[in-house]
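For reference, start.txt is printed below; it contains compact mmCIF, C-alpha atoms and all ligand atoms.
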```txt
# COMPACT_ATOMS: atom_id res chain seq x y z
CA MET A 1 -1.48 52.83 -15.64
CA PRO A 2 -0.96 51.21 -19.07
CA ALA A 3 -2.84 47.96 -19.75
CA SER A 4 -0.96 44.72 -19.15
CA THR A 5 -0.01 43.01 -22.39
CA ALA A 6 -0.23 39.38 -23.40
CA ILE A 7 0.80 37.18 -26.29
CA VAL A 8 -0.74 33.78 -27.04
CA ILE A 9 1.58 31.53 -29.04
CA HIS A 10 -0.06 28.41 -30.49
CA GLU A 11 1.24 25.27 -32.19
CA SER A 12 -1.63 23.75 -34.17
CA LEU A 13 -1.87 20.97 -36.73
CA THR A 14 -5.57 20.97 -37.64
CA GLY A 15 -6.77 24.28 -36.15
CA HIS A 16 -8.21 23.48 -32.70
CA THR A 17 -5.27 24.86 -30.75
CA ARG A 18 -5.16 27.94 -32.96
CA ARG A 19 -8.87 28.55 -32.43
CA ALA A 20 -8.48 28.10 -28.66
CA GLY A 21 -5.58 30.57 -28.73
CA GLU A 22 -7.65 33.13 -30.61
CA LEU A 23 -10.51 32.72 -28.12
CA ILE A 24 -8.10 33.14 -25.20
CA ALA A 25 -6.64 36.31 -26.74
CA GLU A 26 -10.18 37.66 -27.26
CA ARG A 27 -11.07 36.96 -23.65
CA LEU A 28 -7.87 38.51 -22.31
CA THR A 29 -8.65 41.58 -24.43
CA ALA A 30 -12.21 41.67 -23.09
CA ALA A 31 -10.72 41.60 -19.58
CA GLY A 32 -8.72 44.75 -20.36
CA MET A 33 -5.37 43.39 -21.52
CA ASP A 34 -3.68 44.15 -24.82
CA ALA A 35 -3.52 40.62 -26.25
CA VAL A 36 -2.49 39.13 -29.59
CA ALA A 37 -2.38 35.53 -30.83
CA CYS A 38 0.19 34.10 -33.23
CA ALA A 39 1.56 30.77 -34.44
CA THR A 40 4.89 29.31 -33.29
CA THR A 41 6.09 29.79 -36.86
CA ARG A 42 5.22 33.51 -36.87
CA VAL A 43 5.91 34.78 -33.38
CA ASP A 44 5.30 38.53 -33.07
CA LEU A 45 8.67 39.40 -31.54
CA ALA A 46 7.69 42.96 -30.61
CA ALA A 47 4.57 41.68 -28.83
CA LEU A 48 6.61 39.00 -27.06
CA ALA A 49 9.21 41.53 -25.93
CA ALA A 50 6.47 43.77 -24.52
CA ALA A 51 4.35 40.98 -23.00
CA ASP A 52 3.70 40.80 -19.27
CA LEU A 53 2.05 37.42 -19.81
CA VAL A 54 2.95 34.73 -22.35
CA VAL A 55 0.47 31.94 -23.09
CA VAL A 56 1.77 28.91 -24.99
CA GLY A 57 -0.57 26.25 -26.39
CA SER A 58 -0.03 22.98 -28.19
CA TRP A 59 -1.94 19.86 -29.21
CA THR A 60 -1.53 16.45 -27.62
CA ASP A 61 0.55 13.98 -29.58
CA GLY A 62 0.83 10.35 -28.51
CA ILE A 63 -0.69 6.92 -28.76
CA VAL A 64 -4.10 8.03 -27.47
CA ILE A 65 -3.55 7.23 -23.79
CA VAL A 66 0.17 6.58 -23.54
CA GLY A 67 3.27 8.60 -24.30
CA GLN A 68 1.38 11.88 -24.67
CA ARG A 69 3.50 14.96 -25.28
CA PRO A 70 3.15 18.39 -26.85
CA GLY A 71 2.80 18.15 -30.62
CA ARG A 72 5.79 19.43 -32.59
CA ALA A 73 7.74 19.96 -29.40
CA GLY A 74 10.81 20.77 -31.49
CA ARG A 75 9.22 24.05 -32.53
CA LEU A 76 8.26 24.85 -28.95
CA ARG A 77 11.80 24.25 -27.72
CA LYS A 78 13.04 26.77 -30.28
CA LEU A 79 10.69 29.56 -29.24
CA PRO A 80 12.44 32.87 -28.48
CA ALA A 81 13.77 33.37 -24.96
CA MET A 82 11.16 34.47 -22.40
CA ALA A 83 13.44 35.36 -19.50
CA GLY A 84 11.59 37.06 -16.68
CA LYS A 85 8.14 36.59 -18.26
CA ARG A 86 5.13 35.12 -16.53
CA ALA A 87 3.59 32.34 -18.57
CA ALA A 88 0.68 29.91 -18.68
CA VAL A 89 0.24 26.87 -20.89
CA TYR A 90 -2.68 24.99 -22.42
CA CYS A 91 -3.07 21.94 -24.59
CA THR A 92 -5.95 20.62 -26.64
CA TYR A 93 -6.66 16.90 -26.75
CA ALA A 94 -9.12 14.30 -28.04
CA VAL A 95 -9.12 11.57 -25.39
CA ASP A 96 -6.54 12.03 -22.61
CA PRO A 97 -3.79 14.67 -22.45
CA GLY A 98 -1.66 12.55 -20.08
CA ARG A 99 1.37 14.56 -18.96
CA THR A 100 1.33 16.93 -21.93
CA LEU A 101 0.84 20.01 -19.73
CA ASP A 102 3.77 19.08 -17.46
CA LYS A 103 5.99 18.58 -20.48
CA LEU A 104 4.84 21.83 -22.08
CA SER A 105 5.40 23.68 -18.79
CA ALA A 106 8.95 22.32 -18.65
CA ILE A 107 9.66 23.49 -22.20
CA VAL A 108 8.34 26.99 -21.48
CA ALA A 109 10.24 27.16 -18.17
CA ASP A 110 13.36 26.18 -20.10
CA ARG A 111 12.85 29.30 -22.27
CA GLY A 112 13.21 31.30 -19.05
CA ALA A 113 9.58 32.00 -18.13
CA THR A 114 7.89 31.45 -14.77
CA VAL A 115 4.95 29.14 -15.50
CA LEU A 116 1.93 30.04 -13.37
CA GLY A 117 -0.15 27.03 -14.41
CA GLY A 118 -1.72 25.03 -17.18
CA PHE A 119 -5.06 23.81 -18.44
CA ALA A 120 -6.12 21.05 -20.83
CA ILE A 121 -8.96 21.87 -23.25
CA HIS A 122 -10.98 19.15 -24.96
CA ARG A 123 -11.10 19.76 -28.70
CA THR A 124 -14.91 19.67 -28.75
CA ARG A 125 -15.20 22.26 -25.94
CA LEU A 126 -12.95 25.06 -27.12
CA GLU A 127 -15.24 27.95 -26.10
CA GLN A 128 -15.82 26.70 -22.57
CA GLY A 129 -12.21 25.62 -22.18
CA ALA A 130 -10.87 28.98 -23.33
CA ALA A 131 -13.24 30.76 -20.92
CA ASP A 132 -12.22 28.58 -17.96
CA PHE A 133 -8.53 28.84 -18.85
CA THR A 134 -8.69 32.63 -19.13
CA ASP A 135 -10.49 33.01 -15.79
CA ARG A 136 -7.82 30.96 -14.04
CA VAL A 137 -4.95 32.70 -15.79
CA LEU A 138 -6.26 36.16 -14.92
CA ASP A 139 -6.63 35.09 -11.31
CA ALA A 140 -3.10 33.64 -11.14
CA PHE A 141 -1.67 36.64 -13.00
CA SER A 142 -3.21 39.18 -10.66
CA ARG A 143 -2.00 37.21 -7.62
CA ALA A 144 1.52 36.97 -9.09
CA LYS A 145 1.56 40.72 -9.73
CA GLY A 146 0.64 41.19 -6.08
C1 LIG A 201 -0.65 12.29 -34.70
C2 LIG A 201 -1.67 12.62 -33.64
C3 LIG A 201 -1.58 12.04 -32.40
C4 LIG A 201 -2.52 12.34 -31.39
N1 LIG A 201 -2.42 11.74 -30.18
C5 LIG A 201 -3.31 12.01 -29.21
C6 LIG A 201 -3.22 11.36 -27.93
O1 LIG A 201 -2.31 10.57 -27.68
N2 LIG A 201 -4.16 11.67 -27.00
C7 LIG A 201 -5.18 12.56 -27.24
O2 LIG A 201 -6.00 12.80 -26.35
N3 LIG A 201 -5.29 13.21 -28.44
C8 LIG A 201 -4.38 12.93 -29.42
N4 LIG A 201 -4.50 13.55 -30.65
C9 LIG A 201 -5.60 14.50 -30.87
C10 LIG A 201 -5.14 15.95 -30.87
O3 LIG A 201 -4.31 16.26 -29.78
C11 LIG A 201 -6.37 16.87 -30.83
O4 LIG A 201 -7.21 16.59 -31.91
C12 LIG A 201 -5.97 18.32 -30.85
O5 LIG A 201 -7.06 19.14 -30.48
C13 LIG A 201 -5.50 18.75 -32.23
O6 LIG A 201 -5.14 20.09 -32.17
P1 LIG A 201 -4.92 20.93 -33.52
O7 LIG A 201 -6.23 20.91 -34.27
O8 LIG A 201 -4.55 22.28 -33.05
O9 LIG A 201 -3.83 20.26 -34.29
C14 LIG A 201 -3.58 13.25 -31.65
C15 LIG A 201 -3.66 13.86 -32.92
C16 LIG A 201 -2.71 13.55 -33.90
C17 LIG A 201 -2.81 14.22 -35.24
```
Any chance you could give the structure as structure tokens?
Amino acid sequence: MPASTAIVIHESLTGHTRRAGELIAERLTAAGMDAVACATTRVDLAALAAADLVVVGSWTDGIVIVGQRPGRAGRLRKLPAMAGKRAAVYCTYAVDPGRTLDKLSAIVADRGATVLGGFAIHRTRLEQGAADFTDRVLDAFSRAKG
């Protein structure tokens, strides 16, 4: 059976979300998937078309503990269609992500994907966060596949 494929699409201002996305792609690859990471501005359309799993990550924008939302949500809303894809979302944050994950999930669902879940990663704990996120995603993905 061919390996399942994944694409990690990240929206990053100062690099934390990109780094987390790269770590997640590395971990998915280590778990036996074909995974690539790319920025929202340079989505690998062939990889997206082939992907069994789409991971979308963004940073938390807001007034520290109120009004949090995915950073540069405009770019996320314009991502290519993901009809029929399974997806998972993550955000990085400094203090409190608030409802960023819910809002990011809604954006990704609006692109047509089925969102399996989400995970917030503190910007000072990218390695651990990416590891925990990937474990949960692999679990949810294998359950969803049945
Ligand atoms: C304009 C701006 C607003 C932010 N607002 C919040 C916030 O409301 N809550 C929070 O926890 N972090 C907030 N942060 C911190 C970022 O979400 C955090 O540093 C994130 O990891 C940055 O990701 P990046 O390096 O990929 O851009 C804010 C950062 C910026 C630049």
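The smallest atom-to-atom distance between Gly118 (chain A) and any of A:Pro70, A:Asp96, A:Val55, A:Ile63, using only C-alpha atoms, is found for A:Val55.
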What are the closest atom pairs, with distances in Å to one decimal, for all residues of chain A lying within 12 Å of ligand LIG 201 (chain A)? Consider all atoms listed in the file, order rows by chain and residue number, and present the result as CSV.
```
residue,atom,partner,partner_atom,distance
A:Ile9,CA,A:LIG201,O8,11.8
A:His10,CA,A:LIG201,O8,8.0
A:Glu11,CA,A:LIG201,O8,6.6
A:Ser12,CA,A:LIG201,O8,3.5
A:Leu13,CA,A:LIG201,O9,3.2
A:Thr14,CA,A:LIG201,O7,3.4
A:Gly15,CA,A:LIG201,O7,3.9
A:His16,CA,A:LIG201,O7,3.6
A:Thr17,CA,A:LIG201,O8,3.5
A:Arg18,CA,A:LIG201,O8,5.7
A:Arg19,CA,A:LIG201,O8,7.6
A:Ala20,CA,A:LIG201,O8,8.3
A:Gly21,CA,A:LIG201,O8,9.4
A:Glu22,CA,A:LIG201,O8,11.5
A:Ala39,CA,A:LIG201,O8,10.6
A:Thr40,CA,A:LIG201,O8,11.8
A:Gly57,CA,A:LIG201,O8,8.7
A:Ser58,CA,A:LIG201,O8,6.7
A:Trp59,CA,A:LIG201,O3,4.3
A:Thr60,CA,A:LIG201,O3,3.5
A:Asp61,CA,A:LIG201,N1,3.8
A:Gly62,CA,A:LIG201,O1,3.3
A:Ile63,CA,A:LIG201,O1,4.1
A:Val64,CA,A:LIG201,O1,3.1
A:Ile65,CA,A:LIG201,O1,5.3
A:Val66,CA,A:LIG201,O1,6.3
A:Gly67,CA,A:LIG201,O1,6.8
A:Gln68,CA,A:LIG201,O1,4.9
A:Arg69,CA,A:LIG201,O1,7.7
A:Pro70,CA,A:LIG201,O3,8.3
A:Gly71,CA,A:LIG201,O3,7.4
A:Arg72,CA,A:LIG201,O9,9.8
A:Tyr90,CA,A:LIG201,O5,10.9
A:Cys91,CA,A:LIG201,O5,7.6
A:Thr92,CA,A:LIG201,O5,4.3
A:Tyr93,CA,A:LIG201,O3,3.9
A:Ala94,CA,A:LIG201,O2,3.9
A:Val95,CA,A:LIG201,O2,3.5
A:Asp96,CA,A:LIG201,O2,3.9
A:Pro97,CA,A:LIG201,O2,4.9
A:Gly98,CA,A:LIG201,N2,7.4
A:Arg99,CA,A:LIG201,N2,10.2
A:Thr100,CA,A:LIG201,N2,9.1
A:Leu101,CA,A:LIG201,O3,11.9
A:Ala120,CA,A:LIG201,O5,9.9
A:Ile121,CA,A:LIG201,O5,8.0
A:His122,CA,A:LIG201,O5,6.8
A:Arg123,CA,A:LIG201,O5,4.5
A:Thr124,CA,A:LIG201,O5,8.1
A:Arg125,CA,A:LIG201,O5,9.8
A:Leu126,CA,A:LIG201,O5,9.0
A:Gly129,CA,A:LIG201,O5,11.7
```
**Study point:** Long-range neighbours of Ile107 (chain A) as a PyMOL selection string, 10 Å cut-off, all atoms listed in the file, 5 positions minimum in chain
**Key:** chain A and resi 56+70+73-74+76-79+101-102+112-113+115
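Nearest residue to Asp135 (chain A), choosing from A:Val108, A:Arg75, A:Met82, A:Ala88 and counting only C-alpha atoms: A:Ala88.
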Practice item. Name all residues at most 12 Å from Glu26 (chain A) (count all atoms listed in the file; drop same-chain ones fewer than 2 positions away) and give them as a VMD selection string. Key: chain A and resid 6 to 8 19 to 24 28 to 37 127 130 to 131 134
Point to revise | Top pick for closest residue to Ala106 (chain A), considering A:Ala3, A:Ala140, A:Ala50, A:Val89 and counting only C-alpha atoms | key: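 Smallest distance to Ala106 (chain A) is found for A:Val89.
Of note, CA of Gln128 (chain A) and CA of Leu48 (chain A) are spaced 26.0 Å apart.
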Where is the centre and how long are the edges: axis-aligned box on region 40-57 of chain A, 3 Å on each side, Å to one decimal, as lines of an AutoDock Vina configuration file:
```
center_x = 4.3
center_y = 35.0
center_z = -28.1
size_x = 15.8
size_y = 23.5
size_z = 23.6
```
**Study point:** Among listed residues A:Pro2, A:Val54, A:Arg143, A:Asp132, nearest Ser105 (chain A) (using only C-alpha atoms)
**Key:** A:Val54
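Here CA of Phe119 (chain A) stands at a distance of 24.6 Å from CA of Leu45 (chain A).
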Practice item. Record the distance separating CA of Ala47 (chain A) and CA of Thr5 (chain A), expressed in Å with one decimal. Key: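 Computing the Euclidean distance for CA of Ala47 (chain A) and CA of Thr5 (chain A) yields 8.0 Å.
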**Study point:** Among listed residues A:Arg27, A:Gly146, A:Pro80, A:Leu53, nearest Thr41 (chain A) (using only C-alpha atoms)
**Key:**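 That would be A:Pro80, the residue with the smallest distance to Thr41 (chain A).
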